[in-house]
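Just input_30.csv here, CSV, C-alpha atoms:
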chain,number,residue,atom,x,y,z
A,289,MET,CA,-35.5,8.0,-0.9
A,290,ASN,CA,-35.1,4.8,1.1
A,291,ALA,CA,-31.8,3.3,2.3
A,292,SER,CA,-31.6,0.9,-0.6
A,293,HIS,CA,-31.8,3.6,-3.2
A,294,ARG,CA,-29.3,5.7,-1.4
A,295,ALA,CA,-26.9,2.8,-1.2
A,296,THR,CA,-27.2,2.3,-5.0
A,297,LEU,CA,-26.7,6.0,-5.6
A,298,ALA,CA,-23.6,6.4,-3.5
A,299,PRO,CA,-21.2,4.5,-5.8
A,300,LEU,CA,-22.5,6.5,-8.8
A,301,ILE,CA,-21.8,9.8,-6.9
A,302,LEU,CA,-18.3,8.6,-6.1
A,303,LEU,CA,-17.7,7.6,-9.7
A,304,ALA,CA,-19.0,11.0,-10.9
A,305,ILE,CA,-16.6,12.8,-8.5
A,306,ALA,CA,-13.7,10.6,-9.8
A,307,VAL,CA,-14.5,11.4,-13.4
A,308,ALA,CA,-14.8,15.1,-12.7
A,309,LEU,CA,-11.6,15.3,-10.7
A,310,PRO,CA,-9.1,15.9,-13.6
A,311,PHE,CA,-11.2,18.8,-14.9
A,312,VAL,CA,-11.2,20.8,-11.6
A,313,ALA,CA,-8.0,19.8,-9.9
A,314,PRO,CA,-4.4,20.7,-10.6
A,315,THR,CA,-2.1,18.2,-12.3
A,316,TYR,CA,-0.4,17.3,-9.0
A,317,TYR,CA,-3.7,16.1,-7.4
A,318,VAL,CA,-4.5,14.1,-10.6
A,319,GLN,CA,-1.2,12.3,-10.3
A,320,PHE,CA,-1.7,11.9,-6.5
A,321,ALA,CA,-5.2,10.4,-7.2
A,322,SER,CA,-3.6,8.0,-9.7
A,323,LYS,CA,-1.2,6.8,-7.1
A,324,ALA,CA,-4.0,6.3,-4.6
A,325,LEU,CA,-6.1,4.3,-7.0
A,326,ILE,CA,-3.1,2.1,-7.8
A,327,MET,CA,-2.6,1.4,-4.1
A,328,GLY,CA,-6.3,0.7,-3.8
A,329,ILE,CA,-5.9,-2.0,-6.4
A,330,LEU,CA,-3.1,-3.5,-4.4
A,331,ALA,CA,-5.1,-3.4,-1.2
A,332,MET,CA,-8.1,-5.1,-2.9
A,333,ALA,CA,-5.8,-7.8,-4.2
A,334,LEU,CA,-4.5,-8.5,-0.7
A,335,ASN,CA,-8.0,-8.5,0.7
A,336,LEU,CA,-9.0,-11.4,-1.5
A,337,VAL,CA,-6.7,-13.7,0.5
A,338,VAL,CA,-7.0,-11.8,3.9
A,339,GLY,CA,-10.6,-10.8,4.1
A,340,PHE,CA,-12.2,-13.6,2.0
A,341,GLY,CA,-9.6,-16.3,2.4
A,342,GLY,CA,-8.6,-15.7,6.0
A,343,LEU,CA,-4.9,-15.9,5.0
A,344,VAL,CA,-2.7,-13.0,6.3
A,345,SER,CA,0.1,-12.6,3.7
A,346,LEU,CA,3.2,-10.4,4.1
A,347,CYS,CA,4.7,-11.0,0.7
A,348,HIS,CA,2.2,-9.2,-1.6
A,349,ALA,CA,4.6,-6.3,-2.0
A,350,ALA,CA,6.9,-8.8,-3.7
A,351,PHE,CA,4.3,-9.5,-6.4
A,352,PHE,CA,3.8,-5.8,-6.7
A,353,GLY,CA,7.5,-5.2,-7.2
A,354,ILE,CA,8.0,-8.2,-9.6
A,355,ALA,CA,5.6,-6.7,-12.1
A,356,GLY,CA,7.4,-3.3,-11.8
A,357,TYR,CA,10.8,-4.9,-12.4
A,358,THR,CA,9.4,-6.9,-15.3
A,359,LEU,CA,8.3,-3.7,-17.0
A,360,ALA,CA,11.7,-2.1,-16.3
A,361,LEU,CA,13.6,-5.1,-17.7
A,362,LEU,CA,11.5,-5.3,-20.8
A,363,SER,CA,11.5,-1.5,-21.5
A,364,PRO,CA,13.9,-0.1,-24.2
A,365,LYS,CA,16.2,2.6,-22.8
A,366,TYR,CA,15.0,5.4,-24.9
A,367,ASP,CA,11.7,4.2,-26.5
A,368,PRO,CA,8.4,3.3,-24.8
A,369,ALA,CA,7.7,-0.4,-24.3
A,370,SER,CA,4.6,-1.9,-25.8
A,371,PHE,CA,1.8,-2.1,-23.3
A,372,TRP,CA,0.3,-5.1,-25.0
A,373,LEU,CA,3.6,-7.1,-24.7
A,374,THR,CA,4.8,-6.0,-21.3
A,375,PHE,CA,1.6,-5.9,-19.3
A,376,PRO,CA,0.6,-9.6,-19.7
A,377,ILE,CA,4.1,-10.7,-19.1
A,378,ALA,CA,4.4,-8.6,-15.9
A,379,VAL,CA,1.1,-9.8,-14.6
A,380,ALA,CA,1.9,-13.4,-15.5
A,381,ALA,CA,5.3,-13.1,-13.7
A,382,SER,CA,3.5,-12.0,-10.6
A,383,ALA,CA,0.9,-14.7,-10.8
A,384,PHE,CA,3.6,-17.4,-11.3
A,385,ALA,CA,5.5,-16.1,-8.3
A,386,ALA,CA,2.3,-16.2,-6.2
A,387,MET,CA,1.5,-19.7,-7.4
A,388,VAL,CA,4.9,-21.0,-6.4
A,389,ILE,CA,5.0,-19.2,-3.1
A,390,GLY,CA,1.4,-20.1,-2.4
A,391,ALA,CA,2.0,-23.8,-3.1
A,392,LEU,CA,4.7,-23.9,-0.4
A,393,ALA,CA,3.2,-21.4,2.1
A,394,LEU,CA,-0.3,-22.9,2.1
A,395,ARG,CA,1.1,-26.1,3.6
A,396,THR,CA,1.2,-24.1,6.8
A,397,ARG,CA,-1.4,-22.4,8.9
A,398,GLY,CA,-1.8,-19.4,11.2
A,399,ILE,CA,1.3,-17.6,12.4
A,400,TYR,CA,3.5,-20.1,10.4
A,401,PHE,CA,1.8,-19.0,7.2
A,402,ILE,CA,2.5,-15.4,8.0
A,403,MET,CA,6.1,-16.1,8.7
A,404,VAL,CA,6.6,-18.2,5.6
A,405,THR,CA,5.2,-15.4,3.4
A,406,LEU,CA,7.3,-12.9,5.2
A,407,ALA,CA,10.4,-15.0,4.5
A,408,PHE,CA,9.6,-15.3,0.8
A,409,GLY,CA,9.0,-11.6,0.5
A,410,GLU,CA,12.4,-10.8,2.2
A,411,MET,CA,14.1,-13.4,-0.1
A,412,LEU,CA,12.8,-11.7,-3.2
A,413,PHE,CA,13.8,-8.3,-1.7
A,414,PHE,CA,17.4,-9.4,-1.2
A,415,LEU,CA,17.4,-11.1,-4.7
A,416,PHE,CA,16.8,-7.8,-6.4
A,417,HIS,CA,18.8,-5.8,-3.8
A,418,ASP,CA,22.0,-7.8,-4.2
A,419,SER,CA,21.7,-8.7,-7.9
A,420,LYS,CA,23.1,-6.4,-10.6
A,421,PHE,CA,20.8,-7.6,-13.4
A,422,ALA,CA,18.0,-5.2,-12.2
A,423,GLY,CA,20.2,-2.3,-10.9
A,424,GLY,CA,20.9,-3.7,-7.5
A,425,SER,CA,20.2,-1.5,-4.5
A,426,ASP,CA,19.9,1.5,-6.9
A,427,GLY,CA,16.9,0.1,-8.6
A,428,ALA,CA,15.9,0.5,-12.3
A,429,PHE,CA,14.6,3.4,-14.3
A,430,ILE,CA,11.8,3.4,-16.8
A,431,TYR,CA,12.3,6.4,-19.0
A,432,ASN,CA,9.0,6.3,-20.9
A,433,LYS,CA,5.5,5.1,-20.0
A,434,PRO,CA,4.3,2.0,-22.0
A,435,SER,CA,2.7,2.8,-25.3
A,436,LEU,CA,-0.8,1.6,-26.3
A,437,GLY,CA,-0.1,2.2,-29.9
A,438,LEU,CA,-2.8,4.9,-30.1
A,439,ALA,CA,-2.0,8.5,-30.5
A,440,TRP,CA,-5.0,9.7,-28.4
A,441,MET,CA,-4.1,7.3,-25.6
A,442,ASN,CA,-0.8,8.7,-24.6
A,443,LEU,CA,-0.1,7.6,-21.0
A,444,GLU,CA,2.5,10.3,-20.7
A,445,LYS,CA,-0.3,12.7,-20.2
A,446,PRO,CA,-1.4,12.7,-16.5
A,447,VAL,CA,-5.1,13.0,-17.3
A,448,ILE,CA,-5.0,10.1,-19.8
A,449,PHE,CA,-3.1,8.0,-17.4
A,450,TYR,CA,-5.5,8.7,-14.6
A,451,PHE,CA,-8.6,7.7,-16.6
A,452,PHE,CA,-6.8,4.6,-17.8
A,453,ILE,CA,-6.1,3.6,-14.1
A,454,LEU,CA,-9.8,4.4,-13.3
A,455,VAL,CA,-11.0,2.0,-16.0
A,456,ILE,CA,-8.6,-0.7,-14.7
A,457,LEU,CA,-9.8,-0.1,-11.2
A,458,ILE,CA,-13.5,-0.5,-12.2
A,459,ALA,CA,-12.5,-3.7,-14.1
A,460,VAL,CA,-10.7,-5.1,-11.0
A,461,ILE,CA,-13.7,-4.3,-8.7
A,462,ALA,CA,-16.0,-6.0,-11.2
A,463,LEU,CA,-13.7,-9.1,-11.4
A,464,LEU,CA,-13.4,-9.4,-7.6
A,465,THR,CA,-17.1,-8.9,-7.1
A,466,MET,CA,-17.8,-11.7,-9.6
A,467,ILE,CA,-15.2,-13.9,-7.8
A,468,VAL,CA,-16.5,-13.5,-4.3
A,469,ARG,CA,-20.2,-13.9,-5.3
A,470,SER,CA,-19.4,-17.1,-7.3
A,471,PRO,CA,-19.6,-20.6,-5.9
A,472,PHE,CA,-15.8,-20.4,-5.7
A,473,GLY,CA,-16.0,-17.3,-3.6
A,474,HIS,CA,-18.5,-18.9,-1.2
A,475,ALA,CA,-16.4,-22.0,-0.9
A,476,LEU,CA,-13.4,-19.9,-0.1
A,477,THR,CA,-15.2,-18.0,2.6
A,478,ALA,CA,-16.6,-21.2,4.0
A,479,ALA,CA,-13.1,-22.5,4.3
A,480,ARG,CA,-12.1,-19.3,6.0
A,481,ASP,CA,-14.8,-19.6,8.6
A,482,ASN,CA,-14.7,-23.3,9.3
A,483,GLU,CA,-12.0,-25.2,7.4
A,484,ARG,CA,-12.7,-28.6,9.0
A,485,ARG,CA,-16.4,-28.4,8.1
A,486,ALA,CA,-15.7,-27.3,4.5
A,487,ARG,CA,-13.2,-30.1,4.1
A,488,ALA,CA,-15.7,-32.6,5.4
A,489,LEU,CA,-18.2,-31.4,2.8
A,490,GLY,CA,-15.6,-32.2,0.1
A,491,PHE,CA,-14.2,-28.8,-0.7
A,492,PRO,CA,-10.7,-28.9,-2.2
A,493,ILE,CA,-9.3,-26.4,0.4
A,494,PHE,CA,-5.7,-26.3,-0.9
A,495,ARG,CA,-6.8,-25.8,-4.5
A,496,LEU,CA,-9.3,-23.1,-3.5
A,497,GLN,CA,-6.7,-21.1,-1.5
A,498,LEU,CA,-4.0,-21.5,-4.0
A,499,THR,CA,-6.2,-20.3,-6.8
A,500,ALA,CA,-7.2,-17.3,-4.7
A,501,PHE,CA,-3.6,-16.6,-3.8
A,502,THR,CA,-2.5,-16.7,-7.4
A,503,ILE,CA,-5.4,-14.4,-8.6
A,504,SER,CA,-4.5,-12.1,-5.8
A,505,GLY,CA,-0.8,-12.1,-6.8
A,506,ALA,CA,-1.8,-11.3,-10.4
A,507,ILE,CA,-3.9,-8.3,-9.4
A,508,ALA,CA,-1.1,-7.1,-7.2
A,509,GLY,CA,1.0,-7.3,-10.3
A,510,ILE,CA,-1.4,-5.1,-12.2
A,511,ALA,CA,-0.9,-2.5,-9.5
A,512,GLY,CA,2.8,-2.9,-9.5
A,513,TYR,CA,3.0,-2.5,-13.3
A,514,PHE,CA,1.2,0.8,-13.2
A,515,ALA,CA,3.0,2.1,-10.2
A,516,ALA,CA,6.3,1.5,-12.0
A,517,ALA,CA,5.0,3.1,-15.1
A,518,GLN,CA,3.8,6.2,-13.2
A,519,PHE,CA,6.9,6.9,-11.2
A,520,GLY,CA,9.4,5.7,-13.9
A,521,PHE,CA,11.4,3.9,-11.3
A,522,VAL,CA,11.3,0.7,-9.3
A,523,ALA,CA,13.6,-0.2,-6.4
A,524,PRO,CA,14.0,-3.2,-4.1
A,525,GLN,CA,12.3,-1.3,-1.3
A,526,VAL,CA,8.9,-1.8,-2.9
A,527,LEU,CA,9.2,-5.5,-2.3
A,528,GLY,CA,9.9,-5.1,1.4
A,529,TRP,CA,7.7,-6.3,4.2
A,530,HIS,CA,6.9,-2.8,5.3
A,531,VAL,CA,5.0,-2.1,2.1
A,532,SER,CA,3.0,-5.3,2.6
A,533,ALA,CA,2.3,-4.2,6.2
A,534,THR,CA,1.2,-0.8,5.0
A,535,VAL,CA,-1.2,-2.3,2.5
A,536,LEU,CA,-2.5,-4.6,5.2
A,537,VAL,CA,-3.3,-1.5,7.3
A,538,MET,CA,-5.3,-0.2,4.3
A,539,VAL,CA,-7.3,-3.4,4.2
A,540,LEU,CA,-8.0,-3.2,8.0
A,541,ILE,CA,-9.0,0.5,7.7
A,542,GLY,CA,-11.3,-0.1,4.8
A,543,GLY,CA,-13.0,-3.3,5.9
A,544,LEU,CA,-12.1,-7.0,5.5
A,545,ARG,CA,-15.5,-8.3,4.3
A,546,SER,CA,-15.9,-5.8,1.5
A,547,VAL,CA,-14.6,-5.8,-2.1
A,548,SER,CA,-14.2,-2.1,-2.4
A,549,GLY,CA,-13.6,-1.4,1.3
A,550,PRO,CA,-9.7,-1.7,1.0
A,551,LEU,CA,-9.9,0.9,-1.8
A,552,VAL,CA,-11.5,3.3,0.6
A,553,GLY,CA,-8.9,2.4,3.2
A,554,ALA,CA,-6.1,3.2,0.7
A,555,LEU,CA,-7.6,6.6,-0.1
A,556,VAL,CA,-8.0,7.4,3.6
A,557,LEU,CA,-4.5,6.3,4.5
A,558,ILE,CA,-2.7,8.0,1.6
A,559,GLY,CA,-4.8,11.1,1.9
A,560,LEU,CA,-4.2,11.2,5.7
A,561,GLU,CA,-0.4,11.0,5.1
A,562,GLU,CA,-0.5,13.8,2.6
A,563,ILE,CA,-2.4,16.1,5.0
A,564,LEU,CA,-0.3,15.3,8.0
A,565,LYS,CA,3.0,15.7,6.1
A,566,ALA,CA,2.0,19.2,5.3
A,567,SER,CA,0.8,19.9,8.9
A,568,THR,CA,3.5,18.6,11.3
A,569,GLU,CA,6.9,17.1,11.4
A,570,TYR,CA,5.6,14.4,13.8
A,571,TRP,CA,3.2,13.2,11.2
A,572,LYS,CA,4.1,9.5,11.7
A,573,LEU,CA,3.1,9.7,15.4
A,574,ALA,CA,-0.2,11.5,14.5
A,575,GLU,CA,-0.9,9.0,11.7
A,576,GLY,CA,-0.4,6.1,14.1
A,577,LEU,CA,-2.8,7.6,16.7
A,578,ILE,CA,-5.4,8.2,14.1
A,579,ILE,CA,-5.2,4.7,12.7
A,580,ILE,CA,-5.5,3.3,16.2
A,581,ALA,CA,-8.6,5.4,16.8
A,582,ILE,CA,-10.2,4.3,13.5
A,583,VAL,CA,-9.6,0.6,14.3
A,584,LEU,CA,-11.0,1.0,17.8
A,585,MET,CA,-14.1,3.1,16.9
A,586,LEU,CA,-14.8,1.4,13.5
A,587,PRO,CA,-13.9,-2.3,13.9
A,588,THR,CA,-15.4,-3.2,10.6
A,589,GLY,CA,-13.6,-0.4,8.8
A,590,VAL,CA,-14.5,3.0,7.6
A,591,ARG,CA,-17.2,1.6,5.4
A,592,GLN,CA,-19.1,1.3,8.7
A,593,LEU,CA,-19.7,5.0,8.3
A,594,LEU,CA,-21.7,4.2,5.1
A,595,THR,CA,-23.9,2.0,7.2
A,596,LEU,CA,-24.4,4.7,9.7
A,597,VAL,CA,-25.3,7.3,7.0
A,598,LEU,CA,-27.5,5.0,4.9
A,599,GLY,CA,-29.1,3.3,7.8
A,600,SER,CA,-28.6,-0.2,6.4
A,601,HIS,CA,-25.7,-2.6,5.6
A,602,ASP,CA,-24.1,-2.3,2.2
A,603,SER,CA,-25.3,-5.8,1.3
A,604,ARG,CA,-24.3,-5.5,-2.3
A,605,ASP,CA,-20.7,-5.3,-1.3
A,606,ALA,CA,-20.8,-7.9,1.6
A,607,VAL,CA,-20.5,-11.6,1.1
A,608,THR,CA,-23.5,-13.7,2.0
A,609,SER,CA,-22.9,-15.8,5.1
A,610,PRO,CA,-20.7,-18.7,4.0
A,611,PRO,CA,-22.3,-21.3,6.3
A,612,ALA,CA,-25.7,-20.8,4.6
A,613,LYS,CA,-24.1,-21.5,1.2
A,614,VAL,CA,-22.3,-24.5,2.6
A,615,ASP,CA,-25.5,-26.0,4.0
A,616,HIS,CA,-27.0,-26.0,0.5
A,617,GLY,CA,-24.1,-28.1,-0.9
Take the structure in the file and give it back as structure tokens.
Amino acid sequence: MNASHRATLAPLILLAIAVALPFVAPTYYVQFASKALIMGILAMALNLVVGFGGLVSLCHAAFFGIAGYTLALLSPKYDPASFWLTFPIAVAASAFAAMVIGALALRTRGIYFIMVTLAFGEMLFFLFHDSKFAGGSDGAFIYNKPSLGLAWMNLEKPVIFYFFILVILIAVIALLTMIVRSPFGHALTAARDNERRARALGFPIFRLQLTAFTISGAIAGIAGYFAAAQFGFVAPQVLGWHVSATVLVMVLIGGLRSVSGPLVGALVLIGLEEILKASTEYWKLAEGLIIIAIVLMLPTGVRQLLTLVLGSHDSRDAVTSPPAKVDHG
């Protein structure tokens, strides 16, 4: 079997493992896997602007938290909320917040963009922390998972919830792959690599980046909605910069120029934390050293291991060189 066939087979094997997991693993690990997949969605959302747009954002945890708070505020106290009502509202709220923040932050560049997004993230953190409408510093509880209106699709069951998240994850990967391979995606990466050249060719840089930032915020909202639904609780801490920084580490571990790389990064980081917590009380120190080693030895992310195993680049997941696309108009 040549490298191309092996590269095609690898995602199918991983999908088969994901499907089989609930049938062979205890409930705890099924719930743990659901959490990891949700964080993978958030990492892939951030990577749309970091890896493909060249914009380092430190406020994506805010979009993650806004969706969770939206679910909490719309949920009845004792009855499950309607998924079909709360989900689009939560995602729209995150997308709107991303559009407003992006419209202001994208007027800056470099370190100033990072600082502006950090400032907006902290503003939203203190808004929910100091306001009583959403529980203040104590956060808000969600006593029941949202209802799909179908008896056989009860999200209260961990296995059903896991498979639902898996389907959402696959849909997000398909959406992001379509975006980065589209003319829009090539224009976005062209602006990342050489903004002056892309602008000279007539690309609407601000509009491209704002659209990507808004889409990214919406996908972060999807992750935030399901995280709140899984844990039944949302607190101001989930909007903090440290969550955004953690997700950024997932992106770096997984690989910036890959759609699904950040998902791998999320699985690696969350799995690593779980193992180290059970092994040593100095797990934070050990985790930091391991992350540094990964970054130094695998500068393009852990997906570089796939290249070493398969003997070829994962071209299906990488983006074609933007300058080539730009030269063709």
9 Å contact set for A:Gly390, all atoms listed in the file, chain neighbours under 6 positions out, as a list in words: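 Contacts, with the query itself left out: Thr405, Gln497, Leu498, Thr499, Phe501 and Thr502 of chain A.
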Output C-alpha atoms for every residue in the selection just made, as a PDB file, in the frame of the given file.
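To be explicit, this is the file written out as again_11.pdb:
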ATOM      1  CA  THR A 405       5.200 -15.400   3.400  1.00  0.00           C
ATOM      2  CA  GLN A 497      -6.700 -21.100  -1.500  1.00  0.00           C
ATOM      3  CA  LEU A 498      -4.000 -21.500  -4.000  1.00  0.00           C
ATOM      4  CA  THR A 499      -6.200 -20.300  -6.800  1.00  0.00           C
ATOM      5  CA  PHE A 501      -3.600 -16.600  -3.800  1.00  0.00           C
ATOM      6  CA  THR A 502      -2.500 -16.700  -7.400  1.00  0.00           C
TER       7      THR A 502
END
Excluding stretch 360-373 of chain A and any residue of its chain fewer than 6 positions from it, enumerate the residues within 12 Å of it, using only C-alpha atoms, and give them as a ChimeraX atom specification. /A:353-354,379-380,420-423,427-438,441-444,510,512-523
Let me know the centre plus edge lengths, in Å and rounded to one decimal, of a box with edges along x, y and z that contains all listed atoms of stretch 308-327 of chain A and is padded by 6 Å on every side, as AutoDock Vina command-line options.
--center_x -7.6 --center_y 11.1 --center_z -9.5 --size_x 26.4 --size_y 31.4 --size_z 22.8
Long-range neighbours of stretch 297-308 of chain A as a ChimeraX atom specification, 9 Å cut-off, all atoms listed in the file, 6 positions minimum in chain: /A:321,451,454
Across A:Ile461, A:Met403, A:Ala574, A:Val344, the smallest distance to A:Ser546, with only C-alpha atoms counted, is shown by A:Ile461
In terms of all atoms listed in the file, the residue from A:Phe311, A:Phe340, A:Phe320, A:Phe351 at minimal distance from A:Val468 is A:Phe340
task = Give me, please, the distance in Å between atom CA of A:Ala383 and atom CA of A:Ala508, quoted to one decimal.
result =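 Separation between atom CA of A:Ala383 and atom CA of A:Ala508: 8.6 Å.
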If you count only C-alpha atoms, the residue of A:Leu343, A:Ile563, A:Leu336, A:Leu536 closest to A:Ala506 turns out to be A:Leu336
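Nearest-residue note for A:Ala381: choosing from A:Leu544, A:Val537, A:Ile507, A:Ile582, the minimum distance belongs to A:Ile507, counting only C-alpha atoms.
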| request: Check the smallest atom-to-atom distance from each of A:Ala511, A:Ala554, A:Met585, A:Val388 to A:Ile456 using all atoms listed in the file, then report the winner. | output: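 Closest to A:Ile456 of all the choices is A:Ala511.
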Report task. Tell me, in Å to one decimal, how far atom CA of A:Gly341 is from atom CA of A:Trp529. Result ->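 It comes out at 20.1 Å.
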**Request:** Compare A:Pro314, A:Gln319, A:Gly553, A:Pro587 by their minimum atom-to-atom distance to A:Ile448, counting all atoms listed in the file, and give me the closest one.
**Result:**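 For A:Ile448, the nearest of the given residues is A:Gln319.
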message: Please list as a PyMOL selection string every residue within 9 Å of A:Glu561, counting all atoms listed in the file and excluding residues in the same chain fewer than 5 positions away.
response: chain A and resi 556+566+571-572+575
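For the pair atom CA of A:Gly328 and atom CA of A:Phe494, the separation is 27.2 Å.
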